[in-house]
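Q: So here's work_34.txt, just compact mmCIF, C-alpha atoms:
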```txt
# COMPACT_ATOMS: atom_id res chain seq x y z
CA MET A 845 -2.91 -10.80 20.21
CA LYS A 846 -0.32 -10.73 17.42
CA ILE A 847 -1.27 -9.77 13.88
CA ILE A 848 0.50 -8.99 10.61
CA SER A 849 -0.48 -6.00 8.50
CA LEU A 850 -0.54 -7.75 5.13
CA GLY A 851 -0.44 -5.44 2.12
CA TRP A 852 0.56 -8.27 -0.26
CA GLY A 853 3.71 -6.40 -1.24
CA THR A 854 7.24 -7.78 -1.02
CA GLN A 855 8.00 -7.05 2.63
CA SER A 856 4.65 -7.92 4.18
CA PHE A 857 4.43 -11.18 2.22
CA ALA A 858 7.99 -12.06 3.24
CA LEU A 859 7.00 -11.36 6.86
CA ALA A 860 3.95 -13.63 6.62
CA ALA A 861 5.96 -16.32 4.81
CA MET A 862 8.62 -16.27 7.54
CA VAL A 863 5.90 -17.01 10.07
CA ALA A 864 4.47 -19.72 7.83
CA LEU A 865 7.85 -21.44 7.54
CA GLY A 866 8.74 -21.10 11.22
CA LYS A 867 11.46 -18.47 10.94
CA LEU A 868 9.34 -16.16 13.09
CA GLU A 869 6.94 -16.96 15.93
CA PRO A 870 3.26 -17.65 15.19
CA VAL A 871 0.67 -14.89 14.91
CA ASP A 872 -3.08 -14.94 15.40
CA PHE A 873 -3.80 -13.79 11.87
CA ALA A 874 -2.66 -11.56 9.01
CA ILE A 875 -5.04 -8.77 8.06
CA HIS A 876 -5.37 -7.21 4.62
CA ALA A 877 -7.37 -4.01 4.08
CA ASP A 878 -8.58 -4.25 0.49
CA THR A 879 -9.06 -0.79 -1.01
CA THR A 880 -10.78 -2.44 -4.01
CA HIS A 881 -8.35 -0.42 -6.15
CA GLU A 882 -5.23 -2.60 -5.98
CA ARG A 883 -3.27 -3.65 -9.03
CA THR A 884 -4.55 -6.69 -10.88
CA ALA A 885 -1.27 -8.48 -10.19
CA THR A 886 -1.76 -7.98 -6.44
CA TYR A 887 -5.20 -9.60 -6.48
CA ARG A 888 -3.87 -12.53 -8.49
CA PHE A 889 -0.96 -12.92 -6.10
CA ALA A 890 -3.25 -12.86 -3.05
CA GLU A 891 -5.57 -15.43 -4.60
CA LYS A 892 -2.63 -17.74 -5.28
CA TRP A 893 -0.76 -17.40 -1.98
CA THR A 894 -3.56 -17.10 0.59
CA PRO A 895 -4.13 -20.89 0.60
CA TRP A 896 -0.37 -21.47 0.95
CA LEU A 897 -0.20 -19.24 4.04
CA GLU A 898 -3.31 -20.69 5.63
CA GLU A 899 -2.14 -24.28 5.09
CA ARG A 900 0.89 -23.31 7.18
CA GLY A 901 -1.01 -21.70 10.02
CA VAL A 902 -1.21 -18.05 8.95
CA LYS A 903 -4.91 -17.18 8.77
CA VAL A 904 -5.62 -14.35 6.32
CA VAL A 905 -8.41 -11.91 7.15
CA THR A 906 -9.57 -9.42 4.51
CA THR A 907 -11.55 -6.31 5.34
CA ILE A 908 -13.00 -3.69 2.99
CA SER A 909 -13.91 -0.08 3.67
CA ALA A 910 -17.59 0.77 3.61
CA ASN A 911 -16.64 3.87 1.63
CA ALA A 912 -13.98 3.36 -1.03
CA ASN A 913 -15.34 6.19 -3.17
CA ILE A 914 -12.86 8.14 -5.26
CA ILE A 915 -15.17 11.12 -5.61
CA GLU A 916 -17.29 12.43 -2.76
CA HIS A 917 -18.97 15.64 -1.70
CA GLY A 918 -16.28 18.28 -1.38
CA GLY A 919 -13.57 16.57 -3.38
CA THR A 920 -11.54 13.35 -3.31
CA PRO A 921 -9.61 11.53 -0.55
CA LEU A 922 -6.62 11.12 -2.88
CA PRO A 923 -3.47 13.26 -2.44
CA THR A 924 -3.77 14.69 -5.93
CA PHE A 925 -1.69 17.41 -7.58
CA GLN A 926 -2.88 20.81 -8.72
CA ILE A 927 -1.71 24.18 -10.02
CA THR A 928 -3.14 27.10 -8.09
CA GLU A 929 -2.75 30.87 -8.29
CA LYS A 930 -0.13 30.49 -5.55
CA GLY A 931 1.85 27.83 -7.41
CA LEU A 932 2.12 24.06 -7.33
CA GLY A 933 -0.01 22.30 -4.73
CA MET A 934 -0.99 18.87 -3.47
CA LEU A 935 -4.10 17.87 -1.55
CA GLY A 936 -3.86 16.09 1.78
CA ARG A 937 -4.06 12.31 1.87
CA GLN A 938 -7.22 10.83 3.39
CA CYS A 939 -7.43 7.55 1.45
CA THR A 940 -4.96 5.58 3.59
CA ASN A 941 -6.84 6.31 6.79
CA ARG A 942 -10.26 5.72 5.25
CA TRP A 943 -9.51 2.71 3.07
CA LYS A 944 -6.79 1.00 5.13
CA ILE A 945 -6.42 2.04 8.76
CA GLN A 946 -10.06 2.47 9.77
CA PRO A 947 -11.29 -0.85 8.28
CA MET A 948 -8.35 -2.71 9.82
CA ARG A 949 -8.95 -1.25 13.25
CA ARG A 950 -12.66 -2.01 13.16
CA GLU A 951 -11.85 -5.64 12.39
CA ILE A 952 -9.13 -5.77 15.05
CA GLN A 953 -11.50 -4.32 17.65
CA ARG A 954 -14.09 -6.92 16.72
CA ARG A 955 -11.63 -9.76 17.23
CA ARG A 956 -9.38 -8.74 20.12
CA ASN A 957 -11.86 -9.24 23.00
CA GLY A 958 -10.23 -6.50 25.05
CA GLU A 959 -6.70 -7.89 24.59
CA PRO A 960 -3.79 -5.62 23.69
CA VAL A 961 -2.57 -6.04 20.12
CA GLU A 962 0.95 -6.33 18.73
CA GLN A 963 0.76 -5.31 15.10
CA TRP A 964 3.64 -6.45 12.89
CA LEU A 965 4.52 -4.13 10.01
CA GLY A 966 6.61 -5.09 6.99
CA ILE A 967 9.09 -2.25 7.07
CA THR A 968 12.76 -2.90 6.33
CA LEU A 969 16.06 -1.21 7.18
CA ASP A 970 16.09 0.82 3.97
CA GLU A 971 12.85 2.58 4.96
CA VAL A 972 13.41 2.91 8.70
CA GLN A 973 12.08 6.48 8.50
CA ARG A 974 8.58 5.00 8.15
CA MET A 975 8.64 3.51 11.64
CA ARG A 976 6.00 5.02 13.91
CA GLN A 977 4.51 4.45 17.33
CA SER A 978 0.85 3.49 17.27
CA ASP A 979 -1.56 6.35 17.84
CA VAL A 980 -3.99 4.12 19.79
CA LYS A 981 -3.26 2.64 23.20
CA TYR A 982 -4.43 -0.91 22.48
CA ILE A 983 -1.99 -1.40 19.56
CA THR A 984 1.80 -1.64 19.79
CA ASN A 985 3.66 -1.55 16.48
CA ARG A 986 6.44 -4.06 15.96
CA TYR A 987 8.94 -4.30 13.11
CA PRO A 988 10.35 -7.86 12.92
CA LEU A 989 12.19 -7.30 9.64
CA ILE A 990 14.13 -4.42 11.15
CA GLU A 991 14.75 -6.46 14.30
CA ASN A 992 16.37 -9.05 12.03
CA ARG A 993 18.36 -6.35 10.17
CA LEU A 994 16.72 -7.11 6.84
CA SER A 995 16.47 -4.81 3.83
CA ARG A 996 13.96 -5.08 1.00
CA TRP A 997 16.66 -6.80 -1.05
CA ASP A 998 17.20 -9.30 1.79
CA CYS A 999 13.47 -10.10 1.68
CA ILE A 1000 13.62 -10.69 -2.07
CA LYS A 1001 16.66 -12.91 -1.64
CA TRP A 1002 14.96 -14.85 1.17
CA LEU A 1003 11.84 -15.42 -0.93
CA ASP A 1004 13.98 -16.61 -3.86
CA GLU A 1005 15.94 -18.96 -1.62
CA HIS A 1006 12.68 -20.55 -0.44
CA ASP A 1007 11.23 -20.84 -3.97
CA LEU A 1008 8.56 -18.28 -3.21
CA GLU A 1009 7.21 -15.72 -5.65
CA VAL A 1010 8.23 -12.08 -5.23
CA PRO A 1011 5.17 -9.82 -5.50
CA THR A 1012 5.01 -6.38 -6.98
CA ARG A 1013 4.66 -3.47 -4.57
CA SER A 1014 1.12 -3.13 -3.32
CA ALA A 1015 -0.62 0.15 -4.16
CA CYS A 1016 -3.78 1.49 -5.70
CA VAL A 1017 -3.41 1.55 -9.48
CA PHE A 1018 -3.88 5.32 -9.59
CA CYS A 1019 -1.80 6.19 -6.50
CA PRO A 1020 -0.27 9.68 -6.83
CA PHE A 1021 2.82 8.38 -5.01
CA HIS A 1022 3.85 6.28 -8.02
CA SER A 1023 7.32 7.00 -9.37
CA ARG A 1024 7.91 7.47 -13.09
CA ALA A 1025 9.12 3.87 -13.33
CA GLU A 1026 5.93 2.58 -11.70
CA TRP A 1027 3.70 4.60 -14.01
CA ARG A 1028 5.71 3.33 -16.96
CA ASP A 1029 5.38 -0.26 -15.76
CA ILE A 1030 1.61 0.08 -15.40
CA ARG A 1031 1.27 1.70 -18.82
CA ASP A 1032 3.45 -0.85 -20.60
CA ASN A 1033 2.68 -4.07 -18.73
CA ALA A 1034 -0.73 -3.80 -17.05
CA PRO A 1035 -3.30 -2.54 -19.60
CA GLU A 1036 -6.31 -3.07 -17.31
CA ASP A 1037 -4.67 -1.07 -14.55
CA TRP A 1038 -3.61 1.66 -16.96
CA ILE A 1039 -7.17 2.07 -18.25
CA LYS A 1040 -8.47 2.40 -14.70
CA SER A 1041 -5.73 4.87 -13.80
CA VAL A 1042 -6.59 7.07 -16.79
CA GLU A 1043 -10.30 6.86 -15.93
CA VAL A 1044 -9.67 7.92 -12.34
CA ASP A 1045 -7.37 10.73 -13.43
CA GLU A 1046 -10.16 12.09 -15.64
CA LEU A 1047 -12.78 11.51 -12.96
CA ILE A 1048 -11.06 13.62 -10.31
CA ARG A 1049 -10.16 16.50 -12.65
CA LYS A 1050 -13.00 18.82 -11.55
CA ALA A 1051 -13.61 17.30 -8.11
CA ARG A 1052 -12.39 20.37 -6.24
CA PRO A 1053 -12.88 23.57 -8.20
CA PRO A 1054 -11.62 26.01 -9.19
CA TYR A 1055 -8.36 24.10 -9.81
CA ASP A 1056 -7.93 20.95 -11.87
CA LEU A 1057 -6.61 17.85 -10.09
CA PHE A 1058 -4.16 15.26 -11.44
CA VAL A 1059 -2.87 11.90 -10.20
CA CYS A 1060 0.63 12.53 -11.61
CA ASN A 1061 2.98 15.23 -10.37
CA GLN A 1062 3.53 16.42 -13.95
CA ARG A 1063 0.11 18.03 -13.45
CA LYS A 1064 -1.38 17.15 -16.81
CA PRO A 1065 -3.66 14.36 -18.02
CA LEU A 1066 -2.07 10.97 -17.36
CA GLU A 1067 -2.09 9.98 -21.03
CA GLU A 1068 -0.05 13.10 -21.83
CA CYS A 1069 2.59 12.54 -19.15
CA ASP A 1070 6.15 11.63 -20.09
CA PHE A 1071 7.38 8.50 -18.33
CA ASP A 1072 10.08 7.62 -20.84
CA THR A 1073 12.77 9.99 -19.60
CA GLN A 1074 15.46 8.93 -17.13
CA GLU A 1075 13.75 7.68 -13.95
CA ASP A 1076 15.43 9.93 -11.44
CA ALA A 1077 15.20 13.06 -13.59
CA GLY A 1078 11.66 13.69 -12.42
CA GLN A 1079 9.44 12.27 -9.74
CA LEU A 1080 11.24 10.19 -7.15
CA SER A 1081 9.51 7.90 -4.70
CA LEU A 1082 7.15 9.76 -2.38
CA TRP A 1083 6.60 6.79 -0.10
CA ASP A 1084 8.63 8.39 2.69
CA ASN A 1085 5.55 10.57 3.21
CA GLU A 1086 3.30 7.54 3.41
CA CYS A 1087 1.72 6.20 6.56
CA ALA A 1088 3.53 3.82 8.88
CA GLY A 1089 3.67 0.64 6.88
CA ILE A 1090 0.00 0.18 6.04
CA CYS A 1091 0.28 0.67 2.25
CA GLY A 1092 2.96 -0.29 -0.19
CA VAL A 1093 4.56 -3.17 1.66
```
Output the structure of this file as structure tokens.
A:
Amino acid sequence: MKIISLGWGTQSFALAAMVALGKLEPVDFAIHADTTHERTATYRFAEKWTPWLEERGVKVVTTISANANIIEHGGTPLPTFQITEKGLGMLGRQCTNRWKIQPMRREIQRRRNGEPVEQWLGITLDEVQRMRQSDVKYITNRYPLIENRLSRWDCIKWLDEHDLEVPTRSACVFCPFHSRAEWRDIRDNAPEDWIKSVEVDELIRKARPPYDLFVCNQRKPLEECDFDTQEDAGQLSLWDNECAGICGV
């Protein structure tokens, strides 16, 4: 069974669109694990382009975690930042596994009928360090965009050439892996997402005492953070630490 991990970001949509237009071989379906915390633009994009994919033979399956809670007993699954007596710290990431990987695998298990699974991941040449072998025997990871020597820019160019919309990168609105530029974009251009991000930042503050938690690496309330300085002067992309192509593609 062949499936696409569909995050509704640039690379994974390009991958699905290439199947839809016959550039790549058919798949059984594309699966999207909805965290329920994606950017508003991502949900609008998915609503618009799901029918387009399905009309061209790419069935889209959406699955949702039974537990997408931001706060839970003992803390939060988010990789939040803190200042401790020992210095600067960051909590471990549990959200990707809980909100993305586990729901996807439950749905895959339900559908595969004992067959092995080839899971296509939308990773490109410029992020080859994110390639991983599957940690379960029934799934083999495959990277068709890398096989075709494509970068993220190549995917954008291909989408443009085929008159297809280029989506924003998929991520939870409050993701601590946002760069300064991404936080600035949310603040300036996505007011609904910014409000939710600020609310979550406040919500998690006392989730794991005795130290305060923050969604931004500046380690202060999100509304007080400075995102107007030169992009690379502060937080760079942390996506190299992210899981193997499940989020942010």
Q: Between A:Ile967, A:Ile990, A:Val1042, A:Leu1057, which has the minimum distance to Ile927 of chain A (counting all atoms listed in the file)?
A: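 The shortest atom-to-atom distance to Ile927 of chain A comes from A:Leu1057.
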Q: Using only C-alpha atoms, which of the listed residues (A:Trp997, A:Arg950, A:His876, A:Asp1070) sits closest to Ala1025 of chain A?
A: A:Asp1070
Q: Using all atoms listed in the file, find each residue of segment 882-998 of chain A with at least one atom at most 12 Å away from an atom of segment 1004-1008 of chain A; report its shortest atom-to-atom pair and that distance in Å (one decimal), sort the rows by chain and rising residue number, and return the result as a tab-separated table.
A:
```
residue	atom	partner	partner_atom	distance
A:Phe889	CA	A:Leu1008	CA	11.3
A:Lys892	CA	A:Leu1008	CA	11.4
A:Trp893	CA	A:Leu1008	CA	9.4
A:Trp896	CA	A:Leu1008	CA	10.4
A:Leu897	CA	A:Leu1008	CA	11.4
A:Trp997	CA	A:Asp1004	CA	10.6
A:Asp998	CA	A:Asp1004	CA	9.8
```
Q: Would you export the selected residues with C-alpha atoms as a PDB file, keeping the file's coordinate frame, please?
A:
```pdb
ATOM      1  CA  PHE A 889      -0.960 -12.920  -6.100  1.00  0.00           C
ATOM      2  CA  LYS A 892      -2.630 -17.740  -5.280  1.00  0.00           C
ATOM      3  CA  TRP A 893      -0.760 -17.400  -1.980  1.00  0.00           C
ATOM      4  CA  TRP A 896      -0.370 -21.470   0.950  1.00  0.00           C
ATOM      5  CA  LEU A 897      -0.200 -19.240   4.040  1.00  0.00           C
ATOM      6  CA  TRP A 997      16.660  -6.800  -1.050  1.00  0.00           C
ATOM      7  CA  ASP A 998      17.200  -9.300   1.790  1.00  0.00           C
TER       8      ASP A 998
END
```
Q: Listing only residues of segment 903-989 of chain A within 12 Å of segment 1011-1017 of chain A, what is the closest atom pair and its distance in Å (to one decimal) for each, using all atoms listed in the file, sorted by chain and residue number ascending, as a tab-separated table?
A:
```
residue	atom	partner	partner_atom	distance
A:Ala912	CA	A:Cys1016	CA	11.4
A:Ile914	CA	A:Cys1016	CA	11.3
A:Leu922	CA	A:Cys1016	CA	10.4
A:Cys939	CA	A:Cys1016	CA	10.1
A:Thr940	CA	A:Cys1016	CA	10.2
A:Trp943	CA	A:Cys1016	CA	10.5
A:Lys944	CA	A:Ala1015	CA	11.2
A:Gly966	CA	A:Arg1013	CA	11.8
```
Q: Report as lines of an AutoDock Vina configuration file the centre and the edge lengths, in Å to one decimal, of the axis-aligned box holding every listed atom of segment 1027-1045 of chain A, padded by 6 Å on each side.
A:
```
center_x = -2.3
center_y = 3.3
center_z = -16.5
size_x = 28.0
size_y = 26.8
size_z = 20.3
```
Q: Please identify all polymer residues within 7 Å of segment 860-870 of chain A, counting all atoms listed in the file, omitting same-chain residues fewer than 6 positions from it, and present them as a PyMOL selection string.
A: chain A and resi 897+900-902
Q: Please compute the atom CA of Met934 of chain A-atom CA of Arg1028 of chain A distance, one decimal, in Å.
A: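 So the answer is 21.6 Å.
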Q: Give me, please, the distance in Å between atom CA of Phe1058 of chain A and atom CA of Pro1020 of chain A, quoted to one decimal.
A: 8.2 Å
Q: Considering all atoms listed in the file, state which residue in the set A:Ile847, A:Leu932, A:Ile1048, A:Met948 is at the smallest distance from Asp878 of chain A.
A: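 For Asp878 of chain A, the nearest of the candidates is A:Met948.
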Q: Could you tell me which of A:Val905, A:Val1059, A:Val871, A:Leu850 comes closest to Val961 of chain A if we count all atoms listed in the file?
A: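 Ranking A:Val905, A:Val1059, A:Val871, A:Leu850 by distance to Val961 of chain A, first place goes to A:Val871.
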Q: Return the single residue from A:Arg976, A:Glu891, A:Glu929, A:Ser856 that is closest to Asp1056 of chain A, with distances computed using all atoms listed in the file.
A: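 Once distances to Asp1056 of chain A are computed over all atoms listed in the file, the minimum belongs to A:Glu929.
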Q: Skipping near chain neighbours, those fewer than 4 positions away, what residues fall within 8 Å of Trp964 of chain A using all atoms listed in the file, listed as JSON, numbers by chain?
A: {"A": [846, 847, 848, 849, 985, 986, 987, 988]}
Q: Complete segment 873-889 of chain A with N, CA and C atoms (output as a short mmCIF file (atom, residue, chain, number, x, y, z; two decimals), keeping the file's coordinate frame).
A:
```cif
data_model
loop_
_atom_site.label_atom_id
_atom_site.label_comp_id
_atom_site.auth_asym_id
_atom_site.auth_seq_id
_atom_site.Cartn_x
_atom_site.Cartn_y
_atom_site.Cartn_z
N PHE A 873 -3.34 -13.87 13.26
CA PHE A 873 -3.80 -13.79 11.87
C PHE A 873 -3.05 -12.66 11.16
N ALA A 874 -3.16 -12.66 9.84
CA ALA A 874 -2.66 -11.56 9.01
C ALA A 874 -3.87 -10.84 8.44
N ILE A 875 -3.87 -9.52 8.50
CA ILE A 875 -5.04 -8.77 8.06
C ILE A 875 -4.69 -7.90 6.86
N HIS A 876 -5.54 -8.00 5.84
CA HIS A 876 -5.37 -7.21 4.62
C HIS A 876 -6.57 -6.28 4.46
N ALA A 877 -6.31 -4.98 4.36
CA ALA A 877 -7.37 -4.01 4.08
C ALA A 877 -7.41 -3.80 2.56
N ASP A 878 -8.44 -4.31 1.94
CA ASP A 878 -8.58 -4.25 0.49
C ASP A 878 -9.24 -2.92 0.11
N THR A 879 -8.51 -2.07 -0.58
CA THR A 879 -9.06 -0.79 -1.01
C THR A 879 -10.05 -0.95 -2.15
N THR A 880 -10.05 -2.11 -2.78
CA THR A 880 -10.78 -2.44 -4.01
C THR A 880 -10.15 -1.78 -5.24
N HIS A 881 -9.02 -1.14 -5.05
CA HIS A 881 -8.35 -0.42 -6.15
C HIS A 881 -6.93 -0.91 -6.37
N GLU A 882 -6.59 -2.08 -5.84
CA GLU A 882 -5.23 -2.60 -5.98
C GLU A 882 -4.95 -3.01 -7.43
N ARG A 883 -3.66 -3.19 -7.71
CA ARG A 883 -3.27 -3.65 -9.03
C ARG A 883 -3.77 -5.07 -9.27
N THR A 884 -4.07 -5.36 -10.52
CA THR A 884 -4.55 -6.69 -10.88
C THR A 884 -3.57 -7.77 -10.44
N ALA A 885 -2.29 -7.51 -10.58
CA ALA A 885 -1.27 -8.48 -10.19
C ALA A 885 -1.32 -8.77 -8.70
N THR A 886 -1.67 -7.79 -7.89
CA THR A 886 -1.76 -7.98 -6.44
C THR A 886 -2.91 -8.91 -6.10
N TYR A 887 -4.06 -8.72 -6.74
CA TYR A 887 -5.20 -9.60 -6.48
C TYR A 887 -4.92 -11.04 -6.91
N ARG A 888 -4.23 -11.18 -8.04
CA ARG A 888 -3.87 -12.53 -8.49
C ARG A 888 -2.89 -13.19 -7.52
N PHE A 889 -1.94 -12.40 -7.05
CA PHE A 889 -0.96 -12.92 -6.10
C PHE A 889 -1.65 -13.36 -4.81
#
```
